[in-house]
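This report concerns only the one structure given below.
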Amino acid sequence: MKKDVVQKLGFSLIFLCILTTVFFLGTIIYFIFVKGAPIISWDFLTKVPRNAMTEGGVAPIIAGTFYLTLGAMIFSVPLGLACAIYICEYSPKSFIVNIIRISINNLAGVPSVVFGLFGLAVFVNFLGFGVSILSGSLTLGILALPLIISASQEALVAVPHSIREASLSLGASKWETIKRIVLPAALPGILTGVILSVGRVAGETAPILFTAAAFYKRGYPKNIFNEAMALPYHIYALMTEGAHPDKQKAVAYGCSLVLLLLVLFISGFAIILRQRQRSSYAQ
Amino acid sequence: MHNKIKMQAKDVDFFYGKNQALKNVNLDVYANRVTAMIGPSGCGKSTFIRLFNRMNELVPHTALCGKIFLDDLEINNPSVDPVDIRRRVGMVFQKPNPFPKSIFENISYGLKVNGIKDKAFIGQKVEDSLKRAVIWGEVKDRLHDSALKLSGGQQQRLCIARCLAVETEVILFDEPCASLDPISTAKIEELILELKKDYTIIIVTHNMQQAARVSDYTGFFLLGELVEFGKTQDMFTAPRNKKTEDYITGRFG
C-alpha cells in the first residue's frame, strides 16, 4: 500500500475513536437532560421535599452535597498540599520516600466502597462521630487526598528549577523560595487538581453510604454532627426504595441533571484555570 | 589596592558521586577585576564558579574538599549559612530565569527577602537597578507587565538588575550570553565592564573572544584541572602551557 493511503486509513480510525467517545458523552448528557429537564424549576432547586419526596424541591439535598464536599476539601486540601510540598521540596530521594509515593498512588486505586467501610469503622464507630456530615466529609477527604497530592506534585514539579535557583541566589531561604516563588507559580495547577477532586467528591456515593447519608431527613442539616441527604445517594435511594416509583424516577433524573451540571461547571472552571497556568509560563 | 584578593579557592577537589569534577584547583580572584573561566564543555568551569555561592549544595551526592574564601571568611565551613553568602555573592545564570511575576516584582523580590519593607526605598532601588543594568528605558512604562514578555536579551539584563538590587560584593556570571544574539551580548559585555568599578566579577564563557574582551584575568580549565591562570593579555598573547595555546588557537575544544 502507498504511504499516504496508510496514513489516511490511520487518521480515519483515530477519528472514528474520537467520534465514538464524543457520542457516548453526548448521549449521556442528552439523555439526562431530556429526562431531568422537565422537573427542574426554581422551586425544585430551592424548596424542601414533600409527599414522600415526590413533590417539592431538593434544596436540602443540594445543601448536603455542598456541606460534604466543602468539609472534605477543608480537610484534604491543606493536608494534601503539605504532603506534596514535603515530597517534592524537602524529602531526600530515599527508599522510604519512594514507598510513601507508591502508597499514595495505590490509595488512589482503592475502591470507594472500601473507603466507606473504613469511614464507618474509624470515624462513625471508633471516634464516635456517628453517621454525620463530619464522618462523611472526612471519608470523602481521604478519597480526595491522593488526587490532590498528585495534582499538587505535578504542579510543583512543573515549576522550573531555574527560578528556584534564581530565588536562592538572591539570598532567599528555601522556605521563602517555596512560599513566594514556587507556590504562586504552581497555584493554578494545584487549584485545577482541587477543583477536579471537588467534582469527583461531589459525585461519590459509596463513601457516604454508611458514614453520612440519610434516606430522608426533615429540613436542612443543623450542624456537622447531623446526618444529611446528598445528591448521589438521593438518586440511589429514589430509584431503589419508596412507594411511588414513577414520580420518584422523575425526581431522580432531576437530581442527576443538577449533579451533572454541577460537576460539568466545576470541571469547566478547572479547564480555564489550567489554560491560565499554561499562559503564565509562556516564554 | 589593585591586587587585593576578594575570593580564593584553595586545594579544591569536587565530586559528583564518584566522579571527580575538579582536581586540586587553586585560584585567586582579585577585587574589582573581571576573572574569566574558559575551557571546553564539561571541564568543570561552571561547577567551579557555583562553589563561590554554594549553589552546588543543591545538587545531591556532591562533595567538596578544600577551602573557598570570601575576604577572610571560609564560606564552605558548615557553620556558615549559605543564605548569608548568597547575599554577598550574586549570580546571573546561563539561561535568563526571571520569575513569572511583573518586572517590578522581579527586582523588588531580592530586597523583600532581605528584610527591606520601605516602599519608597524599594521603588527607588528598582529604578536605580534597572538604570544600572541599562534596561530602564525599555521597561519604565511597563514595570507591572510580566517579565516573561521581555525578549531574551532584556530578560538577561533584568536578571542582572535583580542581582544588582541586593548590592552584593561579587557577581558570578555563568555563561550569561550563551542563549543571546550578538547585539544583546555586546550590551551585556559593556555592562560587565561598567560594573567592575563596584563589583568583583567572575564569568564563565565558551567564547574566547568574549573572555579576551571583558576579562582582566583568565583561568583555563581542562578535565577538571586549572591548566593555566594569569592576566588575560598574557594568556592570549603568550600562553605558557601547550594545551592552553592549542585551545585558544582553536586546535581543539
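Letters for chains follow the order of the C-alpha cells (A, B, ...), residue numbers begin at 1 for each chain, and ligand numbers begin at 1 in the order shown.
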
Within 6 Å of stretch 19-41 of chain B, which residues of stretch 189-241 of chain B show up? Give each one with its shortest atom-to-atom distance in Å (one decimal) and the two atoms involved, counting only C-alpha atoms, rows by chain then rising residue number, as a tab-separated table.
residue	atom	partner	partner_atom	distance
B:Lys196	CA	B:Asn32	CA	5.1
B:Lys197	CA	B:Asn32	CA	5.9
B:Tyr199	CA	B:Asn32	CA	5.4
B:Thr200	CA	B:Asn32	CA	4.4
B:Ile201	CA	B:Val34	CA	4.7
B:Ile202	CA	B:Thr35	CA	4.7
B:Ile203	CA	B:Ala36	CA	4.8
B:Val204	CA	B:Met37	CA	4.7
B:Thr205	CA	B:Ile38	CA	5.7
B:Ala211	CA	B:Ala36	CA	5.8
B:Ser215	CA	B:Val34	CA	4.7
B:Asp216	CA	B:Val34	CA	5.3
B:Tyr217	CA	B:Thr35	CA	4.7
B:Thr218	CA	B:Ala36	CA	4.6
B:Gly219	CA	B:Met37	CA	4.9
B:Phe220	CA	B:Ile38	CA	5.0
B:Phe221	CA	B:Gly39	CA	4.9
B:Leu222	CA	B:Gly39	CA	6.0
B:Gly224	CA	B:Leu22	CA	4.1
B:Glu225	CA	B:Lys23	CA	5.3
B:Leu226	CA	B:Val25	CA	5.9

How would the residues just chosen look if you wrote them out with C-alpha atoms as a short mmCIF file (atom, residue, chain, number, x, y, z; two decimals), in the first residue's frame?
data_model
loop_
_atom_site.label_atom_id
_atom_site.label_comp_id
_atom_site.auth_asym_id
_atom_site.auth_seq_id
_atom_site.Cartn_x
_atom_site.Cartn_y
_atom_site.Cartn_z
CA LYS B 196 33.65 46.10 37.66
CA LYS B 197 34.11 49.55 39.18
CA TYR B 199 31.90 44.68 41.88
CA THR B 200 34.25 41.77 41.65
CA ILE B 201 33.20 39.72 38.68
CA ILE B 202 33.73 36.11 37.73
CA ILE B 203 32.48 35.00 34.33
CA VAL B 204 32.32 31.57 32.75
CA THR B 205 32.32 31.67 28.98
CA ALA B 211 36.97 36.35 27.61
CA SER B 215 38.31 39.98 31.43
CA ASP B 216 41.45 41.05 33.25
CA TYR B 217 42.39 37.56 34.36
CA THR B 218 41.67 34.23 32.74
CA GLY B 219 41.74 30.68 34.00
CA PHE B 220 41.83 27.80 31.54
CA PHE B 221 40.21 24.58 32.69
CA LEU B 222 40.64 21.18 31.15
CA GLY B 224 38.70 19.40 35.97
CA GLU B 225 42.16 20.89 36.27
CA LEU B 226 43.14 24.52 36.18
#

(request) Up to 12 Å from chain B, what residues of chain A turn up? Count only C-alpha atoms and give them as an NGL selection string. (result) :A and (89-94 or 159-177 or 179-186 or 277-283)

(request) List every residue of stretch 5-213 of chain B that DSSP, applied to the backbone, labels as alpha helix (DSSP H), and write the result as a count of residues only. (result) 73

(request) Provide the atom CA of A:Ala52 to atom CA of A:Leu134 distance in Å, to one decimal place. (result) 26.4 Å

(request) Pick out the residues sitting within 8 Å of A:Cys88, and hand them over as a list in words; count only C-alpha atoms, and ignore anything fewer than 6 positions along from it in its own chain. (result) Gln153, Leu156 and Val157 of chain A

Convert the current residue selection to file output with C-alpha atoms, as a PDB file, in the first residue's frame.
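Writing the result to part_38.pdb gives the following:
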ATOM      1  CA  GLN A 153       3.065  17.278  42.991  1.00  0.00           C
ATOM      2  CA  LEU A 156       5.230  21.752  41.895  1.00  0.00           C
ATOM      3  CA  VAL A 157       7.486  19.674  39.654  1.00  0.00           C
TER       4      VAL A 157
END

(message) Just want the 8 Å neighbourhood of stretch 232-242 of chain A, counted on only C-alpha atoms, with same-chain residues fewer than 6 positions away dropped. Output as a ChimeraX atom specification.
(response) /A:52,61,202-205,208-209,213,215,248-249,251-253,255-256,259

Output N, CA and C atoms for every residue in that selection, as a PDB file, in the first residue's frame.
ATOM      1  N   ALA A  52     -43.466  12.312  50.607  1.00  0.00           N
ATOM      2  CA  ALA A  52     -42.571  11.174  50.400  1.00  0.00           C
ATOM      3  C   ALA A  52     -41.575  11.433  49.276  1.00  0.00           C
ATOM      4  N   ILE A  61     -30.971  18.626  49.822  1.00  0.00           N
ATOM      5  CA  ILE A  61     -30.069  17.599  49.289  1.00  0.00           C
ATOM      6  C   ILE A  61     -28.867  18.262  48.622  1.00  0.00           C
ATOM      7  N   ALA A 202     -18.044  15.316  44.936  1.00  0.00           N
ATOM      8  CA  ALA A 202     -19.471  15.653  44.912  1.00  0.00           C
ATOM      9  C   ALA A 202     -20.300  14.499  44.366  1.00  0.00           C
ATOM     10  N   GLY A 203     -19.702  13.700  43.475  1.00  0.00           N
ATOM     11  CA  GLY A 203     -20.477  12.638  42.834  1.00  0.00           C
ATOM     12  C   GLY A 203     -20.344  11.269  43.483  1.00  0.00           C
ATOM     13  N   GLU A 204     -19.510  11.155  44.521  1.00  0.00           N
ATOM     14  CA  GLU A 204     -19.289   9.839  45.117  1.00  0.00           C
ATOM     15  C   GLU A 204     -20.474   9.404  45.978  1.00  0.00           C
ATOM     16  N   THR A 205     -20.856   8.137  45.876  1.00  0.00           N
ATOM     17  CA  THR A 205     -21.954   7.601  46.657  1.00  0.00           C
ATOM     18  C   THR A 205     -21.464   6.678  47.764  1.00  0.00           C
ATOM     19  N   ILE A 208     -20.167   7.788  51.340  1.00  0.00           N
ATOM     20  CA  ILE A 208     -21.090   8.409  52.291  1.00  0.00           C
ATOM     21  C   ILE A 208     -22.239   7.486  52.673  1.00  0.00           C
ATOM     22  N   LEU A 209     -22.312   6.346  51.983  1.00  0.00           N
ATOM     23  CA  LEU A 209     -23.404   5.397  52.190  1.00  0.00           C
ATOM     24  C   LEU A 209     -23.571   5.050  53.669  1.00  0.00           C
ATOM     25  N   ALA A 213     -24.936   9.611  54.836  1.00  0.00           N
ATOM     26  CA  ALA A 213     -26.168   9.810  54.077  1.00  0.00           C
ATOM     27  C   ALA A 213     -27.405   9.325  54.819  1.00  0.00           C
ATOM     28  N   PHE A 215     -31.559   8.516  54.246  1.00  0.00           N
ATOM     29  CA  PHE A 215     -32.565   8.263  53.216  1.00  0.00           C
ATOM     30  C   PHE A 215     -33.533   9.436  53.171  1.00  0.00           C
ATOM     31  N   GLN A 248     -40.889   9.158  41.731  1.00  0.00           N
ATOM     32  CA  GLN A 248     -39.539   9.222  42.278  1.00  0.00           C
ATOM     33  C   GLN A 248     -38.493   9.265  41.175  1.00  0.00           C
ATOM     34  N   LYS A 249     -38.766   8.491  40.108  1.00  0.00           N
ATOM     35  CA  LYS A 249     -37.832   8.430  38.983  1.00  0.00           C
ATOM     36  C   LYS A 249     -37.629   9.825  38.399  1.00  0.00           C
ATOM     37  N   VAL A 251     -37.919  12.685  39.858  1.00  0.00           N
ATOM     38  CA  VAL A 251     -37.090  13.481  40.773  1.00  0.00           C
ATOM     39  C   VAL A 251     -35.625  13.039  40.668  1.00  0.00           C
ATOM     40  N   ALA A 252     -35.426  11.717  40.571  1.00  0.00           N
ATOM     41  CA  ALA A 252     -34.063  11.192  40.480  1.00  0.00           C
ATOM     42  C   ALA A 252     -33.346  11.749  39.260  1.00  0.00           C
ATOM     43  N   TYR A 253     -34.062  11.798  38.126  1.00  0.00           N
ATOM     44  CA  TYR A 253     -33.432  12.353  36.929  1.00  0.00           C
ATOM     45  C   TYR A 253     -33.150  13.848  37.093  1.00  0.00           C
ATOM     46  N   CYS A 255     -32.394  15.258  39.896  1.00  0.00           N
ATOM     47  CA  CYS A 255     -31.195  15.316  40.729  1.00  0.00           C
ATOM     48  C   CYS A 255     -29.946  15.011  39.911  1.00  0.00           C
ATOM     49  N   SER A 256     -30.067  14.012  39.018  1.00  0.00           N
ATOM     50  CA  SER A 256     -28.933  13.648  38.166  1.00  0.00           C
ATOM     51  C   SER A 256     -28.495  14.836  37.340  1.00  0.00           C
ATOM     52  N   LEU A 259     -26.707  17.368  39.496  1.00  0.00           N
ATOM     53  CA  LEU A 259     -25.359  16.887  39.826  1.00  0.00           C
ATOM     54  C   LEU A 259     -24.434  16.998  38.612  1.00  0.00           C
TER      55      LEU A 259
END

(message) To one decimal place in Å, what is the distance between atom CA of B:Gln154 and atom CA of B:Leu195?
(response)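 According to the coordinates, atom CA of B:Gln154 and atom CA of B:Leu195 are separated by 17.3 Å.
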
(request) Just give me the gap between atom CA of A:Ala230 and atom CA of A:Val201 in Å, one decimal is fine. (result)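 It comes out at 11.3 Å.
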
(message) Please list as a ChimeraX atom specification every residue within 12 Å of A:Thr211, counting only C-alpha atoms and excluding residues in the same chain fewer than 3 positions away.
(response) /A:68,113-125,128-140,205-208,214,225-230,233

(request) Output as a ChimeraX atom specification all residues of stretch 107-191 of chain B that backbone DSSP marks as strand (DSSP E or B). (result) /B:146,170-174

Tell me, as a compact mmCIF listing (two decimals) with N, CA and C atoms, in the first residue's frame, which residues lie within 7 Å of A:Val58, counting only C-alpha atoms; anything in the same chain fewer than 5 positions away does not count.
# COMPACT_ATOMS: atom_id res chain seq x y z
N PHE A 44 -37.86 23.59 42.48
CA PHE A 44 -37.13 22.32 42.61
C PHE A 44 -35.77 22.56 43.26
N LEU A 45 -35.17 23.68 42.92
CA LEU A 45 -33.83 23.98 43.43
C LEU A 45 -33.83 24.62 44.81
N THR A 46 -35.00 25.21 45.21
CA THR A 46 -34.98 26.00 46.45
C THR A 46 -35.91 25.50 47.54
N LYS A 47 -36.78 24.54 47.25
CA LYS A 47 -37.74 24.09 48.28
C LYS A 47 -37.34 22.74 48.87
N VAL A 48 -37.94 22.44 50.03
CA VAL A 48 -37.68 21.15 50.66
C VAL A 48 -38.62 20.09 50.07
N PRO A 49 -38.24 18.80 50.15
CA PRO A 49 -39.09 17.76 49.57
C PRO A 49 -40.39 17.60 50.37

(request) Tell me which protein, DNA and RNA residues are within 8 Å of A:Gly199, counting only C-alpha atoms, leaving out same-chain ones fewer than 4 positions away, and put them as a ChimeraX atom specification. (result) /A:195,203,262-264,266-267

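Minimum distance to B:Asn3 across B:Lys231, B:Lys187, B:Arg132, B:Lys18 (counting only C-alpha atoms) occurs at B:Lys231.
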